[in-house]
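Notes follow once the structure below has been shown.
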Amino acid sequence: MRHLFQGQDPELVLFDLDGTLIDSVPDLASAVDKMLAQLGRESAGIESVRHWVGNGAQMLVLRALTGEQQPQFSDVDETLFAQAFDLFMQAYGDDAAHSSTLYPGVVECLEGLQARGVKLGVVTNKPIQFTHPLLDEFGLSPFFSVVLGGDSLPQKKPAPEPLLHAMAEMGTSASRTLMVGDSKNDIGAARAAGCPVVAVPYGYNHGEPIDAHNPDLLVATLDQLL
């Protein structure tokens, strides 16, 4: 990590949440399948949902309704989508951390960076109403000075605005900030914001190998950042 910053630690490290810090797909898939069952549809299953996660809750619901990776909102009746979205949000809110788990090396990484005086933040496309409770559930909230969800701003990743907003809030620049994520959305947001980006290979990248998107560094577990 330090070689990306002339041998120094960055001032700020921003982490994605789903697929980077927490394996949340089991609970997301459960909520999607509950939603589909209430609509009289067949379940999607965990492997399909694993490929659908990453662009926020609305896109997850749209993918579940259409079974497509790149659907358009015009593909689904507005009333049906609104009903499905409400059902999903209720189902996920009821049980967002039942089967989710922390990835190996996460706590060690956060503790190590914090001990070295690095500021830490979360920038996720997950709705903010689920983000804080999930961080609380796993004891991660005390590590983070800034937390942005997918609906905290009008834009979400891969747009750069969430990253730039977090940098401004923490009083640092892109040249002193590192983004850490698991998907092309994280890499795209970092590139657009002008900061280096590290990727992990174990998360959710729509079935594509993350190294194909050329992160500045690939680490097997987050504690390798130390």
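Labels for the structure tokens follow display order: chains A, B, ..., residues from 1 in each chain, ligands from 1.
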Next on the checklist: Using DSSP assignments from the backbone, pull out every residue in stretch 4-216 of chain A that falls under strand (DSSP E or B) and give it to me as a list in words.
Outcome noted: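 For stretch 4-216 of chain A, the strand (DSSP E or B) set is Leu12, Val13, Leu14, Phe15, Asp18, Ile22, Asp23, Thr101, Leu102, Lys119, Leu120, Gly121, Val122, Val123, Val146, Val147, Leu148, Thr177, Leu178, Met179, Val180, Gly181, Val197, Val198 and Ala199 of chain A.
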Can you list every residue of stretch 77-107 of chain A that has an atom at most 12 Å from stretch 123-127 of chain A, with its nearest atom pair and the distance in Å to one decimal, using only C-alpha atoms, ordered by chain then number, as a tab-separated table?
residue	atom	partner	partner_atom	distance
A:Met89	CA	A:Pro127	CA	9.5
A:Tyr92	CA	A:Pro127	CA	11.0
A:Gly93	CA	A:Pro127	CA	10.6
A:Ala96	CA	A:Lys126	CA	11.4
Item to check | Secondary structure check, alpha helix (DSSP H) residues of stretch 14-98 of chain A, as a ChimeraX atom specification | outcome: /A:25-38,46-52,57-66,78-94
Can I get the selected residues back with C-alpha atoms, as a tab-separated table (two decimals), in the first residue's frame?
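As a result, result_35.tsv now contains:
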chain	number	residue	atom	x	y	z
A	25	VAL	CA	-24.99	-11.97	-0.01
A	26	PRO	CA	-26.65	-14.69	2.12
A	27	ASP	CA	-28.97	-12.14	3.75
A	28	LEU	CA	-29.49	-10.17	0.55
A	29	ALA	CA	-30.43	-13.38	-1.27
A	30	SER	CA	-32.84	-14.33	1.52
A	31	ALA	CA	-34.55	-10.93	1.23
A	32	VAL	CA	-34.73	-11.16	-2.56
A	33	ASP	CA	-36.27	-14.63	-2.38
A	34	LYS	CA	-38.82	-13.52	0.24
A	35	MET	CA	-39.78	-10.63	-2.03
A	36	LEU	CA	-40.14	-12.91	-5.05
A	37	ALA	CA	-42.20	-15.43	-3.08
A	38	GLN	CA	-44.59	-12.70	-1.97
A	46	ILE	CA	-27.75	-17.09	-3.75
A	47	GLU	CA	-25.53	-17.51	-6.82
A	48	SER	CA	-27.72	-15.29	-8.99
A	49	VAL	CA	-27.89	-12.63	-6.30
A	50	ARG	CA	-24.11	-12.76	-5.92
A	51	HIS	CA	-23.84	-11.54	-9.52
A	52	TRP	CA	-26.54	-8.89	-9.07
A	57	ALA	CA	-30.90	-1.80	-3.82
A	58	GLN	CA	-33.04	-0.52	-6.69
A	59	MET	CA	-30.88	-2.20	-9.32
A	60	LEU	CA	-30.78	-5.41	-7.26
A	61	VAL	CA	-34.59	-5.51	-7.20
A	62	LEU	CA	-34.78	-4.72	-10.91
A	63	ARG	CA	-32.35	-7.52	-11.72
A	64	ALA	CA	-34.35	-9.92	-9.58
A	65	LEU	CA	-37.57	-9.02	-11.36
A	66	THR	CA	-36.12	-9.34	-14.85
A	78	GLU	CA	-43.76	1.02	-12.20
A	79	THR	CA	-46.39	-0.26	-9.78
A	80	LEU	CA	-44.84	-3.72	-9.70
A	81	PHE	CA	-41.39	-2.30	-9.12
A	82	ALA	CA	-42.60	-0.09	-6.28
A	83	GLN	CA	-44.32	-3.05	-4.62
A	84	ALA	CA	-41.28	-5.28	-5.07
A	85	PHE	CA	-38.89	-2.63	-3.75
A	86	ASP	CA	-40.98	-2.09	-0.62
A	87	LEU	CA	-41.15	-5.84	-0.01
A	88	PHE	CA	-37.39	-6.20	-0.41
A	89	MET	CA	-36.59	-3.27	1.87
A	90	GLN	CA	-38.85	-4.67	4.58
A	91	ALA	CA	-37.47	-8.19	4.27
A	92	TYR	CA	-33.84	-7.05	4.33
A	93	GLY	CA	-34.43	-4.61	7.15
A	94	ASP	CA	-35.90	-7.38	9.26
Item to check | Nearby residues (only C-alpha atoms) at most 7 Å from A:Thr221, same-chain spacing under 3 positions excluded, as a list in words | outcome: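 Near neighbours after the sequence-gap exclusion: Pro104, Gly105, Val200 and Gln224 of chain A.
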For all heavy atoms, I'd like the residues from the last selection saved as a short mmCIF file (atom, residue, chain, number, x, y, z; two decimals), in the first residue's frame.
data_model
loop_
_atom_site.label_atom_id
_atom_site.label_comp_id
_atom_site.auth_asym_id
_atom_site.auth_seq_id
_atom_site.Cartn_x
_atom_site.Cartn_y
_atom_site.Cartn_z
N PRO A 104 -12.06 -12.62 6.36
CA PRO A 104 -10.80 -12.73 7.10
C PRO A 104 -9.91 -11.51 6.88
O PRO A 104 -9.84 -10.97 5.77
CB PRO A 104 -10.15 -13.99 6.51
CG PRO A 104 -11.28 -14.79 5.95
CD PRO A 104 -12.28 -13.78 5.46
N GLY A 105 -9.26 -11.07 7.94
CA GLY A 105 -8.31 -9.98 7.84
C GLY A 105 -8.89 -8.59 7.99
O GLY A 105 -8.15 -7.61 8.06
N VAL A 200 -9.91 -6.48 -3.83
CA VAL A 200 -9.87 -7.84 -3.28
C VAL A 200 -10.58 -8.77 -4.27
O VAL A 200 -11.54 -8.35 -4.92
CB VAL A 200 -10.53 -7.91 -1.89
CG1 VAL A 200 -9.72 -7.11 -0.87
CG2 VAL A 200 -11.97 -7.40 -1.92
N GLN A 224 -3.27 -7.67 4.36
CA GLN A 224 -2.07 -7.53 3.53
C GLN A 224 -1.78 -6.07 3.20
O GLN A 224 -0.71 -5.76 2.66
CB GLN A 224 -2.21 -8.35 2.26
CG GLN A 224 -2.20 -9.86 2.50
CD GLN A 224 -2.27 -10.66 1.21
OE1 GLN A 224 -2.36 -10.12 0.11
NE2 GLN A 224 -2.25 -11.97 1.34
#
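Candidate residues A:Val13, A:Ala168, A:Leu225, A:Ile128 were compared for distance to A:Leu153, and the nearest is A:Ile128, using only C-alpha atoms.
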Checklist entry - Can you tell me, as a PyMOL selection string, what residues are no more than 9 Å from stretch 135-147 of chain A when counting only C-alpha atoms, ignoring any on the same chain fewer than 6 positions away? => result chain A and resi 14+17+22+97+101-102+107+110-111+114+119-124+128+166+169-170
Generate the output file for the selected residues, N, CA and C atoms, as a tab-separated table (two decimals), in the first residue's frame.
chain	number	residue	atom	x	y	z
A	14	LEU	N	-10.73	4.64	2.18
A	14	LEU	CA	-12.16	4.45	2.03
A	14	LEU	C	-12.44	3.02	1.61
A	17	LEU	N	-18.31	-1.74	1.29
A	17	LEU	CA	-18.84	-2.58	2.37
A	17	LEU	C	-19.14	-4.00	1.90
A	22	ILE	N	-17.72	-7.16	4.42
A	22	ILE	CA	-18.73	-8.12	4.89
A	22	ILE	C	-19.28	-8.93	3.72
A	97	ALA	N	-28.39	-9.10	9.06
A	97	ALA	CA	-27.11	-9.62	9.54
A	97	ALA	C	-27.22	-11.05	10.07
A	101	THR	N	-21.24	-12.42	7.22
A	101	THR	CA	-20.01	-12.64	8.00
A	101	THR	C	-18.94	-11.64	7.58
A	102	LEU	N	-18.03	-11.37	8.51
A	102	LEU	CA	-16.85	-10.57	8.19
A	102	LEU	C	-15.87	-11.42	7.40
A	107	VAL	N	-10.76	-7.06	10.54
A	107	VAL	CA	-10.52	-6.39	11.83
A	107	VAL	C	-9.04	-6.08	12.00
A	110	LEU	N	-8.25	-2.96	9.92
A	110	LEU	CA	-8.79	-1.72	10.47
A	110	LEU	C	-8.06	-1.31	11.75
A	111	GLU	N	-7.77	-2.29	12.60
A	111	GLU	CA	-7.04	-1.99	13.83
A	111	GLU	C	-5.64	-1.48	13.51
A	114	GLN	N	-5.83	2.10	11.94
A	114	GLN	CA	-6.21	3.06	12.97
A	114	GLN	C	-5.05	3.35	13.91
A	119	LYS	N	-6.99	7.86	8.77
A	119	LYS	CA	-8.43	8.05	8.84
A	119	LYS	C	-9.12	7.01	7.98
A	120	LEU	N	-10.27	6.53	8.44
A	120	LEU	CA	-10.98	5.46	7.74
A	120	LEU	C	-12.42	5.85	7.45
A	121	GLY	N	-12.92	5.40	6.32
A	121	GLY	CA	-14.31	5.67	5.96
A	121	GLY	C	-14.91	4.54	5.15
A	122	VAL	N	-16.23	4.56	5.02
A	122	VAL	CA	-16.97	3.61	4.20
A	122	VAL	C	-17.74	4.37	3.14
A	123	VAL	N	-17.60	3.93	1.90
A	123	VAL	CA	-18.41	4.46	0.79
A	123	VAL	C	-19.02	3.26	0.09
A	124	THR	N	-20.31	3.07	0.27
A	124	THR	CA	-21.01	1.91	-0.26
A	124	THR	C	-22.21	2.33	-1.08
A	128	ILE	N	-28.25	3.78	3.11
A	128	ILE	CA	-27.65	4.17	4.38
A	128	ILE	C	-28.43	3.61	5.57
A	166	ALA	N	-16.47	12.34	0.65
A	166	ALA	CA	-15.81	11.80	1.83
A	166	ALA	C	-14.45	12.45	2.05
A	169	GLU	N	-15.00	15.89	3.46
A	169	GLU	CA	-15.43	15.82	4.85
A	169	GLU	C	-14.25	15.52	5.78
A	170	MET	N	-13.29	14.76	5.29
A	170	MET	CA	-12.12	14.39	6.09
A	170	MET	C	-10.96	15.35	5.89
Next on the checklist: One number please: atom CA of A:Leu217 to atom CA of A:His3, in Å, one decimal.
Outcome noted: 10.0 Å
